[in-house]
Amino acid sequence: MAAPKQQSPTTNAASTHVNLDIGGMTCASCVSRVERVVQAVPGVRAASVNLMTERAQLTLAPEADPQAILEAVNSAGFSAAWTTDTPPQGHPSQDAQRSQQQRRMLWVAGLCTAPIFVLDMSGHMLPVVHHLIGGWWLHVLFMVLASIVQFGPGWQFYRRGLPSLWHGAPDMNALVMLGTTAAYG
């Protein structure tokens, strides 16, 4: 008895393989959302999105409308631009600039949060400190420092989280935004 002949996977010669740069993704939820939105466009046969390279690899049928794909990604709250089929080279200057900006925001948040933590916790640990430094001015100081953190370094979560809520697909930015807003309030 002869073994059944195995069929090798075939691809339709009419398919086109293209890459799409995607901006604004921050988590796995963003990746699945972009894949879902792109695959819903008529003519898109397959879509695979990579968070680290910020790139989508698409297999398109001849009837696929490239402009409709860009509009779908943009309407989902992300940015998109067509690239060539070459592997991603990365953008070291953009990555370095983004890292430096994130580091600055971390320092601002840390320097503004440290006094709140030290002054508030020391009052709980040593009641004498609470009576020495307590007063209305301390609450004003805490409000000013917390506002700097919430609307300075924390603004990035509003910028990314609000659109994801608006589109009905909340991501981690929306979760952080809601949690910090509740704590701030």
# chains A, B, ... in the order shown; residues from 1 in each chain; ligands from 1
>>> select_by_dssp(residues="chain A", states="alpha helix (DSSP H)", output="PyMOL selection string")
chain A and resi 28-39+66-75+92-125+127-133+136-151+155-166+172-184
>>> closest_atom_pairs(of="stretch 46-132 of chain A", to="stretch 25-34 of chain A", cutoff="8 Å", atoms="only C-alpha atoms", output="Markdown table")
| residue | atom | partner | partner_atom | distance |
| --- | --- | --- | --- | --- |
| A:Val49 | CA | A:Val31 | CA | 5.9 |
| A:Asn50 | CA | A:Val31 | CA | 7.0 |
| A:Leu51 | CA | A:Val31 | CA | 6.3 |
| A:Glu54 | CA | A:Met25 | CA | 7.2 |
| A:Val73 | CA | A:Val34 | CA | 6.5 |
| A:Ala76 | CA | A:Val34 | CA | 7.4 |
| A:Phe78 | CA | A:Met25 | CA | 7.0 |
>>> closest_residue(among="A:Gln101, A:Thr83, A:Thr180, A:Gln156", to="A:Gln57", atoms="only C-alpha atoms")
A:Thr83
>>> residues_around(residues="A:Asn74", least_positions_apart="5", cutoff="12 Å", atoms="only C-alpha atoms", output="list in words")
Asp21, Ile22, Gly23, Gly24, Met25, Arg33, Val34, Val37, Val38, Gln67, Ala68, Ile69, Ser79, Ala80, Ala81, Pro163, Ser164 and His167 of chain A
>>> write_last_selection(atoms="N, CA and C atoms", output="CSV table (one decimal), in the first residue's frame")
chain,number,residue,atom,x,y,z
A,21,ASP,N,4.6,50.0,7.6
A,21,ASP,CA,5.1,50.5,8.8
A,21,ASP,C,3.9,51.0,9.7
A,22,ILE,N,3.8,50.6,10.9
A,22,ILE,CA,2.7,50.9,11.8
A,22,ILE,C,3.2,51.7,13.0
A,23,GLY,N,2.7,52.9,13.2
A,23,GLY,CA,3.1,53.7,14.4
A,23,GLY,C,2.1,53.7,15.4
A,24,GLY,N,2.5,53.8,16.7
A,24,GLY,CA,1.5,54.0,17.8
A,24,GLY,C,1.2,52.7,18.5
A,25,MET,N,1.7,51.6,18.2
A,25,MET,CA,1.4,50.3,18.9
A,25,MET,C,2.3,50.3,20.1
A,33,ARG,N,-5.3,44.2,17.3
A,33,ARG,CA,-6.3,45.1,16.8
A,33,ARG,C,-5.9,45.5,15.3
A,34,VAL,N,-4.6,45.8,15.1
A,34,VAL,CA,-4.2,46.2,13.8
A,34,VAL,C,-4.4,45.0,12.8
A,37,VAL,N,-8.2,44.7,12.0
A,37,VAL,CA,-8.6,45.8,11.1
A,37,VAL,C,-8.1,45.6,9.7
A,38,VAL,N,-6.9,45.3,9.6
A,38,VAL,CA,-6.3,45.1,8.2
A,38,VAL,C,-6.9,43.9,7.5
A,67,GLN,N,-5.2,52.3,-0.4
A,67,GLN,CA,-5.6,53.4,0.3
A,67,GLN,C,-6.6,53.0,1.4
A,68,ALA,N,-7.5,52.0,1.1
A,68,ALA,CA,-8.4,51.5,2.1
A,68,ALA,C,-7.7,50.9,3.3
A,69,ILE,N,-6.6,50.2,3.0
A,69,ILE,CA,-5.8,49.6,4.1
A,69,ILE,C,-5.2,50.7,5.0
A,79,SER,N,-0.8,55.0,13.0
A,79,SER,CA,-0.4,55.6,11.8
A,79,SER,C,0.2,54.5,10.9
A,80,ALA,N,0.1,54.7,9.6
A,80,ALA,CA,0.6,53.7,8.7
A,80,ALA,C,1.2,54.3,7.5
A,81,ALA,N,2.3,53.7,7.0
A,81,ALA,CA,3.0,54.1,5.8
A,81,ALA,C,3.5,52.9,5.0
A,163,PRO,N,-8.0,57.7,22.4
A,163,PRO,CA,-8.4,57.2,21.1
A,163,PRO,C,-8.8,55.7,21.1
A,164,SER,N,-8.1,54.9,21.9
A,164,SER,CA,-8.4,53.5,21.9
A,164,SER,C,-9.8,53.3,22.6
A,167,HIS,N,-12.5,54.3,20.1
A,167,HIS,CA,-12.7,53.3,19.0
A,167,HIS,C,-13.3,52.0,19.5
>>> select_by_dssp(residues="stretch 25-115 of chain A", states="strand (DSSP E)", output="list in words")
Val44, Arg45, Ala46, Ala47, Ser48, Val49, Asn50, Arg55, Ala56, Gln57, Leu58, Thr59, Leu60, Ser79, Ala80, Ala81, Trp82 and Thr83 of chain A
>>> residues_around(residues="stretch 171-177 of chain A", least_positions_apart="4", cutoff="6 Å", atoms="only C-alpha atoms", output="list in words")
Ser29, Phe157, Tyr158, Gly161 and Thr181 of chain A
>>> closest_residue(among="A:Met121, A:Ala64, A:Ala183, A:Ile148", to="A:Ala40", atoms="only C-alpha atoms")
A:Ala64
>>> residues_around(residues="A:Thr59", least_positions_apart="4", cutoff="9 Å", atoms="only C-alpha atoms", output="mmCIF file with all heavy atoms, in the first residue's frame")
data_model
loop_
_atom_site.group_PDB
_atom_site.id
_atom_site.type_symbol
_atom_site.label_atom_id
_atom_site.label_comp_id
_atom_site.auth_asym_id
_atom_site.auth_seq_id
_atom_site.Cartn_x
_atom_site.Cartn_y
_atom_site.Cartn_z
ATOM 1 N N SER A 15 -0.913 36.902 -5.770
ATOM 2 C CA SER A 15 -0.756 37.569 -4.477
ATOM 3 C C SER A 15 0.467 38.469 -4.477
ATOM 4 O O SER A 15 1.484 38.168 -5.090
ATOM 5 C CB SER A 15 -0.606 36.539 -3.362
ATOM 6 O OG SER A 15 -1.787 35.805 -3.206
ATOM 7 N N THR A 16 0.346 39.571 -3.781
ATOM 8 C CA THR A 16 1.448 40.508 -3.616
ATOM 9 C C THR A 16 1.802 40.565 -2.141
ATOM 10 O O THR A 16 0.918 40.664 -1.287
ATOM 11 C CB THR A 16 1.029 41.917 -4.099
ATOM 12 O OG1 THR A 16 0.548 41.817 -5.427
ATOM 13 C CG2 THR A 16 2.180 42.887 -4.029
ATOM 14 N N HIS A 17 3.083 40.523 -1.842
ATOM 15 C CA HIS A 17 3.549 40.612 -0.460
ATOM 16 C C HIS A 17 4.149 42.003 -0.256
ATOM 17 O O HIS A 17 5.057 42.403 -0.986
ATOM 18 C CB HIS A 17 4.585 39.534 -0.169
ATOM 19 C CG HIS A 17 4.054 38.150 -0.368
ATOM 20 N ND1 HIS A 17 3.243 37.532 0.556
ATOM 21 C CD2 HIS A 17 4.180 37.281 -1.395
ATOM 22 C CE1 HIS A 17 2.911 36.341 0.104
ATOM 23 N NE2 HIS A 17 3.460 36.156 -1.083
ATOM 24 N N VAL A 18 3.623 42.719 0.721
ATOM 25 C CA VAL A 18 4.081 44.082 0.990
ATOM 26 C C VAL A 18 4.245 44.274 2.493
ATOM 27 O O VAL A 18 3.721 43.507 3.299
ATOM 28 C CB VAL A 18 3.092 45.142 0.445
ATOM 29 C CG1 VAL A 18 3.031 45.115 -1.065
ATOM 30 C CG2 VAL A 18 1.722 44.952 1.041
ATOM 31 N N ASN A 19 4.999 45.309 2.841
ATOM 32 C CA ASN A 19 5.193 45.668 4.241
ATOM 33 C C ASN A 19 4.579 47.031 4.502
ATOM 34 O O ASN A 19 4.575 47.907 3.638
ATOM 35 C CB ASN A 19 6.679 45.705 4.597
ATOM 36 C CG ASN A 19 7.283 44.328 4.630
ATOM 37 O OD1 ASN A 19 6.623 43.364 4.971
ATOM 38 N ND2 ASN A 19 8.544 44.233 4.266
ATOM 39 N N GLY A 43 -9.717 42.102 0.018
ATOM 40 C CA GLY A 43 -8.509 41.895 -0.771
ATOM 41 C C GLY A 43 -7.276 41.579 0.049
ATOM 42 O O GLY A 43 -6.239 41.221 -0.497
ATOM 43 N N VAL A 44 -7.365 41.707 1.375
ATOM 44 C CA VAL A 44 -6.233 41.342 2.230
ATOM 45 C C VAL A 44 -6.372 39.866 2.556
ATOM 46 O O VAL A 44 -7.339 39.448 3.186
ATOM 47 C CB VAL A 44 -6.185 42.186 3.523
ATOM 48 C CG1 VAL A 44 -5.064 41.709 4.424
ATOM 49 C CG2 VAL A 44 -6.020 43.652 3.185
ATOM 50 N N ARG A 45 -5.429 39.073 2.090
ATOM 51 C CA ARG A 45 -5.488 37.628 2.304
ATOM 52 C C ARG A 45 -4.872 37.219 3.632
ATOM 53 O O ARG A 45 -5.323 36.265 4.257
ATOM 54 C CB ARG A 45 -4.785 36.909 1.165
ATOM 55 C CG ARG A 45 -5.537 37.055 -0.139
ATOM 56 C CD ARG A 45 -4.925 36.241 -1.235
ATOM 57 N NE ARG A 45 -5.774 36.315 -2.418
ATOM 58 C CZ ARG A 45 -5.347 36.102 -3.624
ATOM 59 N NH1 ARG A 45 -4.093 35.773 -3.831
ATOM 60 N NH2 ARG A 45 -6.178 36.198 -4.634
ATOM 61 N N ALA A 46 -3.814 37.922 4.056
ATOM 62 C CA ALA A 46 -3.158 37.589 5.324
ATOM 63 C C ALA A 46 -2.457 38.828 5.857
ATOM 64 O O ALA A 46 -2.015 39.680 5.088
ATOM 65 C CB ALA A 46 -2.154 36.459 5.130
ATOM 66 N N ALA A 47 -2.369 38.917 7.172
ATOM 67 C CA ALA A 47 -1.672 40.029 7.819
ATOM 68 C C ALA A 47 -0.978 39.511 9.068
ATOM 69 O O ALA A 47 -1.571 38.782 9.860
ATOM 70 C CB ALA A 47 -2.651 41.136 8.182
#
>>> atom_distance(atom1="atom CA of A:Glu63", atom2="atom CA of A:Ser48")
19.3 Å
>>> closest_residue(among="A:Val41, A:Gln102, A:Trp82, A:Val144", to="A:Asp65", atoms="only C-alpha atoms")
A:Val41
>>> residues_around(residues="A:Gly110", least_positions_apart="5", cutoff="12 Å", atoms="only C-alpha atoms", output="VMD selection string")
chain A and resid 103 to 105 115 to 118 145 to 146 148 to 150 152 to 154
>>> write_last_selection(atoms="C-alpha atoms", output="PDB file, in the first residue's frame")
ATOM      1  CA  ARG A 103      14.188  58.748  30.532  1.00  0.00           C
ATOM      2  CA  ARG A 104      13.507  62.475  31.029  1.00  0.00           C
ATOM      3  CA  MET A 105       9.851  61.801  31.783  1.00  0.00           C
ATOM      4  CA  PRO A 115       8.454  64.185  48.082  1.00  0.00           C
ATOM      5  CA  ILE A 116       4.825  63.025  48.126  1.00  0.00           C
ATOM      6  CA  PHE A 117       5.860  59.528  49.162  1.00  0.00           C
ATOM      7  CA  VAL A 118       8.425  60.598  51.772  1.00  0.00           C
ATOM      8  CA  LEU A 145       3.326  67.690  42.365  1.00  0.00           C
ATOM      9  CA  ALA A 146       0.708  65.091  41.435  1.00  0.00           C
ATOM     10  CA  ILE A 148       2.834  67.725  37.206  1.00  0.00           C
ATOM     11  CA  VAL A 149       3.194  63.930  37.077  1.00  0.00           C
ATOM     12  CA  GLN A 150      -0.354  63.291  35.819  1.00  0.00           C
ATOM     13  CA  GLY A 152       3.356  65.949  32.240  1.00  0.00           C
ATOM     14  CA  PRO A 153       4.865  62.467  31.892  1.00  0.00           C
ATOM     15  CA  GLY A 154       1.432  60.855  32.272  1.00  0.00           C
TER      16      GLY A 154
END
